[in-house]
>>> print(open('target35.pdb').read())   # PDB, C-alpha atoms
ATOM      1  CA  MET A   1      -7.167  35.785 -23.681
ATOM      2  CA  THR A   2      -9.562  32.974 -24.470
ATOM      3  CA  GLN A   3      -8.275  30.052 -26.454
ATOM      4  CA  ARG A   4     -10.200  27.178 -27.970
ATOM      5  CA  VAL A   5      -8.605  23.756 -27.425
ATOM      6  CA  GLN A   6      -9.817  20.909 -29.600
ATOM      7  CA  VAL A   7     -10.453  17.693 -27.641
ATOM      8  CA  ILE A   8     -12.544  15.129 -29.593
ATOM      9  CA  GLU A   9     -12.366  12.452 -26.922
ATOM     10  CA  ASN A  10     -15.080  10.005 -25.926
ATOM     11  CA  ILE A  11     -16.312  10.760 -22.423
ATOM     12  CA  LEU A  12     -16.224   7.098 -21.497
ATOM     13  CA  SER A  13     -12.819   6.504 -23.077
ATOM     14  CA  ALA A  14     -11.249   5.687 -19.685
ATOM     15  CA  ASN A  15     -13.813   2.903 -19.190
ATOM     16  CA  ASP A  16     -13.427   1.733 -22.785
ATOM     17  CA  GLN A  17      -9.659   1.566 -22.339
ATOM     18  CA  VAL A  18      -9.990  -0.694 -19.282
ATOM     19  CA  ALA A  19     -12.592  -2.776 -21.146
ATOM     20  CA  LEU A  20      -9.971  -3.324 -23.822
ATOM     21  CA  GLU A  21      -7.460  -4.436 -21.166
ATOM     22  CA  ASN A  22     -10.046  -6.858 -19.758
ATOM     23  CA  ARG A  23     -10.603  -8.272 -23.221
ATOM     24  CA  ARG A  24      -6.860  -8.804 -23.652
ATOM     25  CA  LEU A  25      -6.639 -10.594 -20.281
ATOM     26  CA  LEU A  26      -9.541 -12.853 -21.269
ATOM     27  CA  GLU A  27      -8.095 -13.513 -24.709
ATOM     28  CA  ALA A  28      -4.659 -14.321 -23.295
ATOM     29  CA  ALA A  29      -6.199 -17.009 -21.075
ATOM     30  CA  ASN A  30      -8.648 -18.147 -23.778
ATOM     31  CA  VAL A  31     -11.719 -17.343 -21.737
ATOM     32  CA  TYR A  32     -14.996 -16.646 -23.532
ATOM     33  CA  ALA A  33     -17.001 -14.037 -21.617
ATOM     34  CA  LEU A  34     -20.675 -13.086 -21.675
ATOM     35  CA  ASN A  35     -22.356 -10.044 -20.135
ATOM     36  CA  PHE A  36     -25.851 -10.919 -18.802
ATOM     37  CA  MET A  37     -28.134  -7.910 -18.588
ATOM     38  CA  ALA A  38     -31.782  -7.697 -17.543
ATOM     39  CA  SER A  39     -34.250  -5.941 -15.316
ATOM     40  CA  PRO A  40     -34.327  -7.065 -11.663
ATOM     41  CA  GLY A  41     -36.182 -10.355 -11.351
ATOM     42  CA  ALA A  42     -36.069 -11.381 -15.014
ATOM     43  CA  GLY A  43     -34.126 -14.529 -14.137
ATOM     44  CA  LYS A  44     -30.435 -13.815 -14.723
ATOM     45  CA  THR A  45     -29.362 -15.913 -11.752
ATOM     46  CA  SER A  46     -31.918 -18.642 -12.524
ATOM     47  CA  LEU A  47     -30.585 -18.870 -16.077
ATOM     48  CA  ILE A  48     -27.051 -19.111 -14.709
ATOM     49  CA  GLU A  49     -28.133 -21.932 -12.363
ATOM     50  CA  GLN A  50     -29.873 -23.819 -15.168
ATOM     51  CA  THR A  51     -26.921 -23.288 -17.498
ATOM     52  CA  LEU A  52     -24.451 -24.562 -14.908
ATOM     53  CA  LYS A  53     -26.612 -27.606 -14.278
ATOM     54  CA  ARG A  54     -26.423 -28.560 -17.949
ATOM     55  CA  ILE A  55     -22.923 -27.596 -18.936
ATOM     56  CA  SER A  56     -20.640 -27.470 -15.885
ATOM     57  CA  SER A  57     -19.495 -31.068 -16.420
ATOM     58  CA  GLU A  58     -17.914 -30.110 -19.759
ATOM     59  CA  LEU A  59     -16.740 -26.540 -19.116
ATOM     60  CA  HIS A  60     -15.027 -24.682 -16.315
ATOM     61  CA  ILE A  61     -17.318 -21.778 -15.573
ATOM     62  CA  ALA A  62     -16.819 -18.688 -13.474
ATOM     63  CA  VAL A  63     -19.513 -16.176 -12.575
ATOM     64  CA  VAL A  64     -18.991 -12.567 -11.576
ATOM     65  CA  ASP A  65     -22.102 -11.132  -9.945
ATOM     66  CA  GLY A  66     -22.808  -7.443  -9.754
ATOM     67  CA  ASP A  67     -25.322  -6.155  -7.246
ATOM     68  CA  ILE A  68     -25.747  -3.058  -5.192
ATOM     69  CA  ALA A  69     -25.627  -5.173  -2.027
ATOM     70  CA  THR A  70     -25.486  -8.753  -0.684
ATOM     71  CA  SER A  71     -23.817 -11.906  -2.017
ATOM     72  CA  ILE A  72     -27.097 -13.756  -2.608
ATOM     73  CA  ASP A  73     -26.445 -14.214  -6.331
ATOM     74  CA  ALA A  74     -22.819 -15.306  -6.014
ATOM     75  CA  ASP A  75     -23.882 -17.775  -3.306
ATOM     76  CA  ARG A  76     -26.485 -19.236  -5.664
ATOM     77  CA  ALA A  77     -23.966 -19.508  -8.513
ATOM     78  CA  ALA A  78     -21.404 -21.123  -6.183
ATOM     79  CA  ALA A  79     -24.000 -23.586  -4.922
ATOM     80  CA  ALA A  80     -24.709 -24.502  -8.547
ATOM     81  CA  GLY A  81     -21.060 -25.322  -9.079
ATOM     82  CA  ALA A  82     -19.364 -22.201 -10.427
ATOM     83  CA  LEU A  83     -16.395 -20.269  -9.204
ATOM     84  CA  ALA A  84     -18.267 -17.183  -8.106
ATOM     85  CA  ILE A  85     -17.180 -13.675  -7.244
ATOM     86  CA  GLN A  86     -19.542 -11.022  -5.950
ATOM     87  CA  ILE A  87     -19.040  -7.357  -6.725
ATOM     88  CA  ASN A  88     -21.044  -4.970  -4.565
ATOM     89  CA  THR A  89     -21.300  -1.698  -6.414
ATOM     90  CA  GLY A  90     -22.394   0.182  -3.297
ATOM     91  CA  GLY A  91     -25.153   2.050  -5.121
ATOM     92  CA  GLU A  92     -23.813   2.201  -8.663
ATOM     93  CA  CYS A  93     -26.498   1.203 -11.139
ATOM     94  CA  HIS A  94     -24.233  -0.799 -13.459
ATOM     95  CA  LEU A  95     -20.940  -2.660 -13.603
ATOM     96  CA  ASP A  96     -18.070  -0.874 -15.287
ATOM     97  CA  ALA A  97     -14.824  -2.166 -16.731
ATOM     98  CA  ILE A  98     -12.811  -1.189 -13.656
ATOM     99  CA  MET A  99     -15.020  -3.253 -11.343
ATOM    100  CA  LEU A 100     -14.737  -6.239 -13.671
ATOM    101  CA  LYS A 101     -10.966  -5.834 -13.864
ATOM    102  CA  SER A 102     -10.664  -6.095 -10.108
ATOM    103  CA  ALA A 103     -12.880  -9.210 -10.103
ATOM    104  CA  LEU A 104     -10.773 -10.786 -12.863
ATOM    105  CA  SER A 105      -7.671 -10.337 -10.737
ATOM    106  CA  GLU A 106      -9.227 -12.660  -8.141
ATOM    107  CA  LEU A 107      -9.771 -15.456 -10.663
ATOM    108  CA  ASP A 108      -7.307 -17.954 -12.087
ATOM    109  CA  LEU A 109      -8.322 -17.274 -15.678
ATOM    110  CA  GLN A 110      -6.166 -20.082 -17.059
ATOM    111  CA  GLY A 111      -8.503 -22.627 -15.507
ATOM    112  CA  ILE A 112     -11.685 -21.089 -16.937
ATOM    113  CA  ASP A 113     -13.456 -21.683 -20.267
ATOM    114  CA  LEU A 114     -16.551 -19.552 -19.821
ATOM    115  CA  LEU A 115     -17.038 -16.427 -17.753
ATOM    116  CA  ILE A 116     -20.543 -15.125 -17.142
ATOM    117  CA  VAL A 117     -20.784 -11.581 -15.837
ATOM    118  CA  GLU A 118     -24.144 -10.924 -14.239
ATOM    119  CA  ASN A 119     -24.711  -7.194 -14.448
ATOM    120  CA  VAL A 120     -26.780  -5.109 -12.040
ATOM    121  CA  GLY A 121     -30.508  -5.545 -12.717
ATOM    122  CA  ASN A 122     -31.304  -2.458 -14.793
ATOM    123  CA  LEU A 123     -32.467  -1.927 -18.370
ATOM    124  CA  VAL A 124     -30.803   1.455 -18.846
ATOM    125  CA  CYS A 125     -27.299   2.076 -17.554
ATOM    126  CA  PRO A 126     -25.446  -1.248 -18.106
ATOM    127  CA  ALA A 127     -25.860  -0.792 -21.878
ATOM    128  CA  SER A 128     -23.620   2.285 -21.808
ATOM    129  CA  PHE A 129     -20.597   0.687 -20.158
ATOM    130  CA  GLN A 130     -18.436  -1.743 -22.072
ATOM    131  CA  LEU A 131     -16.852  -4.397 -19.859
ATOM    132  CA  GLY A 132     -14.575  -6.208 -22.271
ATOM    133  CA  THR A 133     -16.783  -9.304 -22.519
ATOM    134  CA  HIS A 134     -17.157 -10.884 -25.953
ATOM    135  CA  GLN A 135     -20.931 -10.764 -26.248
ATOM    136  CA  SER A 136     -23.970  -9.473 -24.386
ATOM    137  CA  VAL A 137     -27.125 -11.398 -23.601
ATOM    138  CA  LEU A 138     -30.367  -9.728 -22.581
ATOM    139  CA  ILE A 139     -32.764 -11.755 -20.454
ATOM    140  CA  ALA A 140     -36.326 -10.508 -20.845
ATOM    141  CA  SER A 141     -39.259 -12.133 -19.068
ATOM    142  CA  ILE A 142     -42.954 -12.463 -19.741
ATOM    143  CA  PRO A 143     -44.233 -10.660 -16.593
ATOM    144  CA  GLU A 144     -42.266  -7.525 -17.524
ATOM    145  CA  GLY A 145     -44.711  -6.918 -20.344
ATOM    146  CA  ASP A 146     -44.491  -6.868 -24.124
ATOM    147  CA  ASP A 147     -43.671  -3.149 -24.400
ATOM    148  CA  LYS A 148     -40.131  -3.297 -23.003
ATOM    149  CA  PRO A 149     -38.257  -3.142 -26.337
ATOM    150  CA  TYR A 150     -40.121   0.080 -27.103
ATOM    151  CA  LYS A 151     -39.406   1.573 -23.691
ATOM    152  CA  TYR A 152     -35.751   0.537 -23.383
ATOM    153  CA  PRO A 153     -34.480   0.725 -26.962
ATOM    154  CA  GLY A 154     -30.843   1.309 -25.977
ATOM    155  CA  MET A 155     -30.663  -2.015 -24.174
ATOM    156  CA  TYR A 156     -32.386  -4.019 -26.917
ATOM    157  CA  ARG A 157     -30.286  -2.402 -29.624
ATOM    158  CA  GLY A 158     -26.911  -3.314 -28.175
ATOM    159  CA  VAL A 159     -27.180  -7.037 -27.375
ATOM    160  CA  ASP A 160     -26.038 -10.142 -29.295
ATOM    161  CA  ALA A 161     -28.650 -12.604 -28.038
ATOM    162  CA  LEU A 162     -32.034 -12.401 -26.340
ATOM    163  CA  VAL A 163     -33.503 -14.887 -23.883
ATOM    164  CA  ILE A 164     -37.227 -14.602 -23.125
ATOM    165  CA  ASN A 165     -37.700 -16.259 -19.748
ATOM    166  CA  LYS A 166     -40.811 -17.442 -17.880
ATOM    167  CA  THR A 167     -42.692 -18.620 -20.983
ATOM    168  CA  ASP A 168     -44.577 -20.955 -18.620
ATOM    169  CA  LEU A 169     -46.496 -17.853 -17.473
ATOM    170  CA  LEU A 170     -47.808 -17.004 -20.959
ATOM    171  CA  PRO A 171     -51.266 -18.551 -20.310
ATOM    172  CA  TYR A 172     -51.759 -16.303 -17.280
ATOM    173  CA  ILE A 173     -50.436 -12.960 -18.474
ATOM    174  CA  THR A 174     -51.428 -10.612 -21.275
ATOM    175  CA  PHE A 175     -48.299 -10.617 -23.407
ATOM    176  CA  ASP A 176     -48.531 -10.116 -27.165
ATOM    177  CA  MET A 177     -45.501 -12.032 -28.440
ATOM    178  CA  ASP A 178     -45.874 -10.626 -31.971
ATOM    179  CA  TYR A 179     -45.880  -7.046 -30.675
ATOM    180  CA  PHE A 180     -42.838  -7.793 -28.492
ATOM    181  CA  ARG A 181     -40.928  -9.442 -31.330
ATOM    182  CA  ARG A 182     -41.787  -6.663 -33.749
ATOM    183  CA  GLY A 183     -40.227  -4.167 -31.309
ATOM    184  CA  VAL A 184     -37.110  -6.317 -31.036
ATOM    185  CA  GLU A 185     -36.898  -6.705 -34.822
ATOM    186  CA  MET A 186     -37.135  -2.943 -35.297
ATOM    187  CA  LEU A 187     -34.277  -2.282 -32.929
ATOM    188  CA  ASN A 188     -32.049  -5.281 -33.510
ATOM    189  CA  PRO A 189     -32.961  -7.039 -36.753
ATOM    190  CA  GLY A 190     -32.213 -10.754 -36.858
ATOM    191  CA  LEU A 191     -31.350 -10.966 -33.143
ATOM    192  CA  VAL A 192     -30.966 -14.596 -32.069
ATOM    193  CA  THR A 193     -33.761 -15.277 -29.574
ATOM    194  CA  PHE A 194     -34.442 -18.092 -27.101
ATOM    195  CA  PRO A 195     -37.889 -18.366 -25.495
ATOM    196  CA  ILE A 196     -37.289 -20.417 -22.358
ATOM    197  CA  SER A 197     -38.624 -21.298 -18.951
ATOM    198  CA  CYS A 198     -36.096 -21.790 -16.180
ATOM    199  CA  LYS A 199     -38.931 -23.331 -14.191
ATOM    200  CA  THR A 200     -39.971 -26.078 -16.636
ATOM    201  CA  GLY A 201     -36.736 -26.290 -18.613
ATOM    202  CA  GLU A 202     -38.542 -25.593 -21.888
ATOM    203  CA  GLY A 203     -36.292 -24.099 -24.560
ATOM    204  CA  LEU A 204     -33.085 -24.449 -22.535
ATOM    205  CA  ASP A 205     -31.613 -27.030 -24.926
ATOM    206  CA  SER A 206     -31.469 -24.487 -27.769
ATOM    207  CA  TRP A 207     -29.865 -21.925 -25.495
ATOM    208  CA  ILE A 208     -27.240 -24.428 -24.323
ATOM    209  CA  ALA A 209     -26.550 -25.506 -27.918
ATOM    210  CA  TRP A 210     -25.958 -21.885 -28.922
ATOM    211  CA  LEU A 211     -23.722 -21.313 -25.901
ATOM    212  CA  ARG A 212     -21.663 -24.420 -26.691
ATOM    213  CA  ILE A 213     -21.065 -23.152 -30.220
ATOM    214  CA  GLN A 214     -20.003 -19.718 -28.954
ATOM    215  CA  VAL A 215     -17.525 -21.176 -26.481
ATOM    216  CA  SER A 216     -16.052 -23.749 -28.848
ATOM    217  CA  SER A 217     -15.762 -21.379 -31.796
ATOM    218  CA  HIS A 218     -13.857 -19.049 -29.536
ATOM    219  CA  SER A 219     -11.763 -21.463 -27.548
ATOM    220  CA  ILE A 220      -8.746 -23.428 -28.728
ATOM    221  CA  LYS A 221      -7.915 -24.918 -25.332
TER     222      LYS A 221
ATOM    223  CA  MET B   1     -27.415   7.661 -11.401
ATOM    224  CA  HIS B   2     -24.386   7.073 -13.595
ATOM    225  CA  GLU B   3     -24.131  10.743 -14.507
ATOM    226  CA  LEU B   4     -21.733  11.135 -11.554
ATOM    227  CA  PRO B   5     -18.938   8.945 -12.968
ATOM    228  CA  VAL B   6     -19.684  10.421 -16.386
ATOM    229  CA  THR B   7     -19.267  13.942 -15.025
ATOM    230  CA  GLU B   8     -16.040  12.943 -13.263
ATOM    231  CA  SER B   9     -14.792  11.683 -16.593
ATOM    232  CA  ILE B  10     -15.724  14.996 -18.251
ATOM    233  CA  LEU B  11     -13.752  16.889 -15.594
ATOM    234  CA  GLU B  12     -10.754  14.579 -15.946
ATOM    235  CA  ILE B  13     -10.609  15.044 -19.723
ATOM    236  CA  ALA B  14     -11.060  18.822 -19.530
ATOM    237  CA  LEU B  15      -8.355  19.230 -16.866
ATOM    238  CA  ARG B  16      -5.951  17.077 -18.862
ATOM    239  CA  TYR B  17      -6.343  19.109 -22.062
ATOM    240  CA  ALA B  18      -6.245  22.408 -20.142
ATOM    241  CA  GLY B  19      -3.027  21.247 -18.463
ATOM    242  CA  ASP B  20      -1.462  20.424 -21.821
ATOM    243  CA  ALA B  21      -2.424  23.908 -23.042
ATOM    244  CA  GLN B  22      -0.952  25.405 -19.841
ATOM    245  CA  ALA B  23      -4.238  27.185 -19.202
ATOM    246  CA  ASN B  24      -5.089  28.972 -15.972
ATOM    247  CA  ARG B  25      -8.804  28.579 -16.253
ATOM    248  CA  ILE B  26     -11.414  26.627 -18.199
ATOM    249  CA  THR B  27     -14.380  28.807 -19.181
ATOM    250  CA  ASP B  28     -16.450  26.620 -21.510
ATOM    251  CA  LEU B  29     -16.860  22.940 -22.387
ATOM    252  CA  TYR B  30     -18.496  21.768 -25.605
ATOM    253  CA  LEU B  31     -20.059  18.316 -25.380
ATOM    254  CA  VAL B  32     -21.689  16.348 -28.156
ATOM    255  CA  ILE B  33     -24.432  13.912 -27.143
ATOM    256  CA  GLY B  34     -26.344  11.703 -29.549
ATOM    257  CA  GLN B  35     -30.071  11.327 -29.029
ATOM    258  CA  LEU B  36     -29.594   7.620 -28.344
ATOM    259  CA  ALA B  37     -27.002   8.123 -25.592
ATOM    260  CA  THR B  38     -28.774   7.786 -22.266
ATOM    261  CA  ILE B  39     -27.391  10.972 -20.780
ATOM    262  CA  VAL B  40     -29.397  13.656 -19.003
ATOM    263  CA  ASP B  41     -28.011  17.187 -19.430
ATOM    264  CA  ASP B  42     -29.527  18.581 -16.223
ATOM    265  CA  SER B  43     -28.061  15.785 -14.192
ATOM    266  CA  ILE B  44     -24.568  16.377 -15.569
ATOM    267  CA  GLN B  45     -24.918  20.089 -14.836
ATOM    268  CA  PHE B  46     -25.958  19.282 -11.266
ATOM    269  CA  TYR B  47     -22.888  17.117 -10.587
ATOM    270  CA  TRP B  48     -20.631  19.480 -12.531
ATOM    271  CA  ASP B  49     -21.384  22.390 -10.212
ATOM    272  CA  ILE B  50     -20.284  20.233  -7.281
ATOM    273  CA  ILE B  51     -17.229  18.418  -8.582
ATOM    274  CA  ALA B  52     -15.673  21.288 -10.565
ATOM    275  CA  ARG B  53     -15.484  23.380  -7.395
ATOM    276  CA  ASP B  54     -11.922  24.254  -6.359
ATOM    277  CA  THR B  55     -10.503  23.265  -9.745
ATOM    278  CA  ILE B  56      -9.534  25.519 -12.668
ATOM    279  CA  ALA B  57     -12.832  24.462 -14.228
ATOM    280  CA  GLU B  58     -14.965  25.950 -11.450
ATOM    281  CA  GLY B  59     -17.804  27.973 -12.953
ATOM    282  CA  ALA B  60     -17.128  26.764 -16.499
ATOM    283  CA  ARG B  61     -20.198  26.677 -18.727
ATOM    284  CA  LEU B  62     -21.329  23.362 -20.193
ATOM    285  CA  HIS B  63     -22.667  23.449 -23.742
ATOM    286  CA  PHE B  64     -24.577  20.429 -24.973
ATOM    287  CA  LYS B  65     -24.997  19.765 -28.657
ATOM    288  CA  ARG B  66     -27.590  17.080 -29.322
ATOM    289  CA  ILE B  67     -27.196  14.982 -32.453
ATOM    290  CA  PRO B  68     -30.443  13.629 -33.892
ATOM    291  CA  THR B  69     -30.637   9.954 -34.724
ATOM    292  CA  GLN B  70     -29.922   9.133 -38.338
ATOM    293  CA  VAL B  71     -30.267   5.638 -39.758
ATOM    294  CA  LYS B  72     -29.564   4.024 -43.101
ATOM    295  CA  CYS B  73     -31.673   1.300 -44.649
ATOM    296  CA  GLN B  74     -29.470  -1.654 -45.586
ATOM    297  CA  ASP B  75     -31.887  -2.740 -48.314
ATOM    298  CA  CYS B  76     -32.777   0.422 -50.259
ATOM    299  CA  GLN B  77     -29.896   2.550 -48.887
ATOM    300  CA  LEU B  78     -32.255   5.389 -47.874
ATOM    301  CA  GLU B  79     -30.888   7.604 -45.061
ATOM    302  CA  TYR B  80     -33.510   9.097 -42.792
ATOM    303  CA  LYS B  81     -34.275  10.436 -39.331
ATOM    304  CA  PRO B  82     -36.525   7.840 -37.705
ATOM    305  CA  ALA B  83     -39.537   8.644 -35.584
ATOM    306  CA  GLU B  84     -38.900   8.107 -31.881
ATOM    307  CA  LEU B  85     -39.517   4.377 -31.837
ATOM    308  CA  GLU B  86     -40.179   3.307 -35.379
ATOM    309  CA  PHE B  87     -36.845   2.591 -37.030
ATOM    310  CA  THR B  88     -38.404   0.748 -39.971
ATOM    311  CA  CYS B  89     -37.544   2.200 -43.395
ATOM    312  CA  PRO B  90     -40.376   4.511 -44.530
ATOM    313  CA  GLU B  91     -39.720   3.627 -48.200
ATOM    314  CA  CYS B  92     -39.295  -0.152 -48.367
ATOM    315  CA  LYS B  93     -40.461  -1.055 -44.817
ATOM    316  CA  SER B  94     -37.250  -2.987 -44.195
ATOM    317  CA  PHE B  95     -36.160  -3.667 -40.605
ATOM    318  CA  ARG B  96     -32.530  -3.936 -41.637
ATOM    319  CA  VAL B  97     -31.302  -0.526 -40.633
ATOM    320  CA  GLN B  98     -27.945   0.724 -39.406
ATOM    321  CA  ILE B  99     -27.469   3.625 -37.016
ATOM    322  CA  VAL B 100     -25.380   6.304 -38.725
ATOM    323  CA  ALA B 101     -25.651   8.980 -36.026
ATOM    324  CA  GLY B 102     -27.121   9.284 -32.545
ATOM    325  CA  ASN B 103     -24.734   7.259 -30.392
ATOM    326  CA  GLU B 104     -22.185  10.061 -29.981
ATOM    327  CA  PHE B 105     -20.954  11.042 -26.561
ATOM    328  CA  TYR B 106     -17.741  13.027 -26.670
ATOM    329  CA  MET B 107     -16.063  16.275 -25.747
ATOM    330  CA  ASP B 108     -15.542  18.378 -28.842
ATOM    331  CA  SER B 109     -13.479  21.198 -27.371
ATOM    332  CA  ILE B 110     -12.902  23.458 -24.405
ATOM    333  CA  GLU B 111     -12.270  27.171 -24.084
ATOM    334  CA  VAL B 112      -9.478  28.178 -21.742
ATOM    335  CA  GLU B 113      -7.705  31.302 -20.533
TER     336      GLU B 113
END
>>> encode(input="target35.pdb", output="structure tokens")
Amino acid sequence: MTQRVQVIENILSANDQVALENRRLLEAANVYALNFMASPGAGKTSLIEQTLKRISSELHIAVVDGDIATSIDADRAAAAGALAIQINTGGECHLDAIMLKSALSELDLQGIDLLIVENVGNLVCPASFQLGTHQSVLIASIPEGDDKPYKYPGMYRGVDALVINKTDLLPYITFDMDYFRRGVEMLNPGLVTFPISCKTGEGLDSWIAWLRIQVSSHSIK
Amino acid sequence: MHELPVTESILEIALRYAGDAQANRITDLYLVIGQLATIVDDSIQFYWDIIARDTIAEGARLHFKRIPTQVKCQDCQLEYKPAELEFTCPECKSFRVQIVAGNEFYMDSIEVE
């Protein structure tokens, strides 16, 4: 005889549960954590390098890098002065909470103020998997084109801050900033936005000021 | 690509509830997917046929119920179904909108024998 069994359970509840555990671990050690998401080549690692350069004298920073292969990004973050851990997802298109949990176990969280998780370069999948970080930052870049908010609404909708990198290329590329910003405003009204250039350093002061406020309003170390 | 871990999660949940119900076989799964959830039905079906093999869920039918996006204007309180991209309020043109429905991704129920 057929019987209907009610379930009502989120499909990703196992991931969400581990994300919650990660958050508790971070909270217990007073670590403020950011999830950096972007398409490949937008400048996630460059932004991490520039951030470390400006703030690593005042904060202990760790970086967890997610990539399908290689430790190129973790090597760059380590060279810039961070404690860096590389996760190779072996083909997975995003980081999930379980991967982050295993990376956290390799870090002495007590000695860390700020953790930056650099997700796999991808504008689709990372948005669906909570990690347990406190906030998410999307790094867009001028050469990607001004239509990206419209094409990847899920990613733009779910983030807490937006960095627009490579503004130094604006004179050379057709990029309608008003059109881009209108798309962002539609999806994520009032989103805090930082136009920057990791190459020239333009705009990085505002980004660093925002980051400082996030860390200090969270931390009581 | 991430439909594989998603499908594994679907199997894990279904087997757990079927076990609690002391079922011998799972015949149907009812999934609810919001329009905004980046999940592809065909891809889940593809992985399902592979990973459900040799379990009590082998051959079970997957039913997908899609929930259309519904948003609410925070300024004039109008609730509406937005066009694909344009979330702006059609009445007052406000950008301040909240998603009321469309992010769902859960298993509603299963049918077992």
>>> residues_around(input="target35.pdb", residues="Val120 (chain A)", least_positions_apart="3", cutoff="8 Å", atoms="all atoms listed in the file", output="ChimeraX atom specification")
/A:37-38,40,65-68,93-95,126
>>> residues_around(input="target35.pdb", residues="region 1-12 of chain B", least_positions_apart="6", cutoff="8 Å", atoms="all atoms listed in the file", output="list in words")
Ile11, Leu12, Ala14, Glu92, Cys93, His94 and Cys125 of chain A; Ile39, Val40, Ser43, Ile44, Tyr47, Trp48, Ile51, Ala52, Ala57 and Met107 of chain B
>>> resolve_selection(input="target35.pdb", expression="the PyMOL selection byres ((chain B and resi 56) around 7)", output="short mmCIF file (atom, residue, chain, number, x, y, z; two decimals) with C-alpha atoms, in the frame of the given file")
data_model
loop_
_atom_site.label_atom_id
_atom_site.label_comp_id
_atom_site.auth_asym_id
_atom_site.auth_seq_id
_atom_site.Cartn_x
_atom_site.Cartn_y
_atom_site.Cartn_z
CA ASN B 24 -5.09 28.97 -15.97
CA ARG B 25 -8.80 28.58 -16.25
CA ILE B 26 -11.41 26.63 -18.20
CA ASP B 54 -11.92 24.25 -6.36
CA THR B 55 -10.50 23.26 -9.74
CA ALA B 57 -12.83 24.46 -14.23
CA GLU B 58 -14.96 25.95 -11.45
#
>>> resolve_selection(input="target35.pdb", expression="the PyMOL selection byres ((chain A) within 9 of (chain B))", output="number ranges by chain")
A: 1-14, 91-94, 124-125, 128, 150-151, 153-154, 183, 185-190
>>> atom_distance(input="target35.pdb", atom1="CA of Gln70 (chain B)", atom2="CA of Gln17 (chain A)")
26.9 Å
>>> atom_distance(input="target35.pdb", atom1="CA of Cys198 (chain A)", atom2="CA of Ser56 (chain A)")
16.5 Å
>>> atom_distance(input="target35.pdb", atom1="CA of Arg66 (chain B)", atom2="CA of Gly34 (chain B)")
5.5 Å
>>> resolve_selection(input="target35.pdb", expression="the PyMOL selection byres ((chain A and resi 162) around 10)", output="PDB file with C-alpha atoms, in the coordinates of the input")
ATOM      1  CA  PHE A  36     -25.851 -10.919 -18.802  1.00  0.00           C
ATOM      2  CA  MET A  37     -28.134  -7.910 -18.588  1.00  0.00           C
ATOM      3  CA  ALA A  38     -31.782  -7.697 -17.543  1.00  0.00           C
ATOM      4  CA  SER A 136     -23.970  -9.473 -24.386  1.00  0.00           C
ATOM      5  CA  VAL A 137     -27.125 -11.398 -23.601  1.00  0.00           C
ATOM      6  CA  LEU A 138     -30.367  -9.728 -22.581  1.00  0.00           C
ATOM      7  CA  ILE A 139     -32.764 -11.755 -20.454  1.00  0.00           C
ATOM      8  CA  ALA A 140     -36.326 -10.508 -20.845  1.00  0.00           C
ATOM      9  CA  TYR A 156     -32.386  -4.019 -26.917  1.00  0.00           C
ATOM     10  CA  VAL A 159     -27.180  -7.037 -27.375  1.00  0.00           C
ATOM     11  CA  ASP A 160     -26.038 -10.142 -29.295  1.00  0.00           C
ATOM     12  CA  ALA A 161     -28.650 -12.604 -28.038  1.00  0.00           C
ATOM     13  CA  VAL A 163     -33.503 -14.887 -23.883  1.00  0.00           C
ATOM     14  CA  ILE A 164     -37.227 -14.602 -23.125  1.00  0.00           C
ATOM     15  CA  ASN A 165     -37.700 -16.259 -19.748  1.00  0.00           C
ATOM     16  CA  VAL A 184     -37.110  -6.317 -31.036  1.00  0.00           C
ATOM     17  CA  LEU A 191     -31.350 -10.966 -33.143  1.00  0.00           C
ATOM     18  CA  VAL A 192     -30.966 -14.596 -32.069  1.00  0.00           C
ATOM     19  CA  THR A 193     -33.761 -15.277 -29.574  1.00  0.00           C
ATOM     20  CA  PHE A 194     -34.442 -18.092 -27.101  1.00  0.00           C
ATOM     21  CA  PRO A 195     -37.889 -18.366 -25.495  1.00  0.00           C
ATOM     22  CA  TRP A 207     -29.865 -21.925 -25.495  1.00  0.00           C
TER      23      TRP A 207
END
>>> residues_near_point(input="target35.pdb", point="(-17.2, -4.0, -10.4)", cutoff="9 Å", atoms="only C-alpha atoms", output="MDAnalysis selection string")
chainID A and resid 64:67 86:89 94:103
>>> closest_residue(input="target35.pdb", among="A:Ala78, A:Ile72, A:Leu109, A:Ala127", to="Glu27 (chain A)", atoms="all atoms listed in the file")
A:Leu109
>>> axis_aligned_box(input="target35.pdb", around="region 57-74 of chain B", padding_each_side="6 Å", output="lines of an AutoDock Vina configuration file")
center_x = -22.3
center_y = 13.2
center_z = -28.5
size_x = 30.8
size_y = 41.6
size_z = 46.1
>>> closest_residue(input="target35.pdb", among="B:Gly19, B:Tyr80, B:Asp49, B:Cys73", to="Cys92 (chain B)", atoms="all atoms listed in the file")
B:Cys73
>>> residues_around(input="target35.pdb", residues="Leu34 (chain A)", least_positions_apart="4", cutoff="9 Å", atoms="only C-alpha atoms", output="VMD selection string")
chain A and resid 114 to 118 133 to 137
>>> write_last_selection(input="target35.pdb", atoms="C-alpha atoms", output="PDB file, keeping the file's coordinate frame")
ATOM      1  CA  LEU A 114     -16.551 -19.552 -19.821  1.00  0.00           C
ATOM      2  CA  LEU A 115     -17.038 -16.427 -17.753  1.00  0.00           C
ATOM      3  CA  ILE A 116     -20.543 -15.125 -17.142  1.00  0.00           C
ATOM      4  CA  VAL A 117     -20.784 -11.581 -15.837  1.00  0.00           C
ATOM      5  CA  GLU A 118     -24.144 -10.924 -14.239  1.00  0.00           C
ATOM      6  CA  THR A 133     -16.783  -9.304 -22.519  1.00  0.00           C
ATOM      7  CA  HIS A 134     -17.157 -10.884 -25.953  1.00  0.00           C
ATOM      8  CA  GLN A 135     -20.931 -10.764 -26.248  1.00  0.00           C
ATOM      9  CA  SER A 136     -23.970  -9.473 -24.386  1.00  0.00           C
ATOM     10  CA  VAL A 137     -27.125 -11.398 -23.601  1.00  0.00           C
TER      11      VAL A 137
END
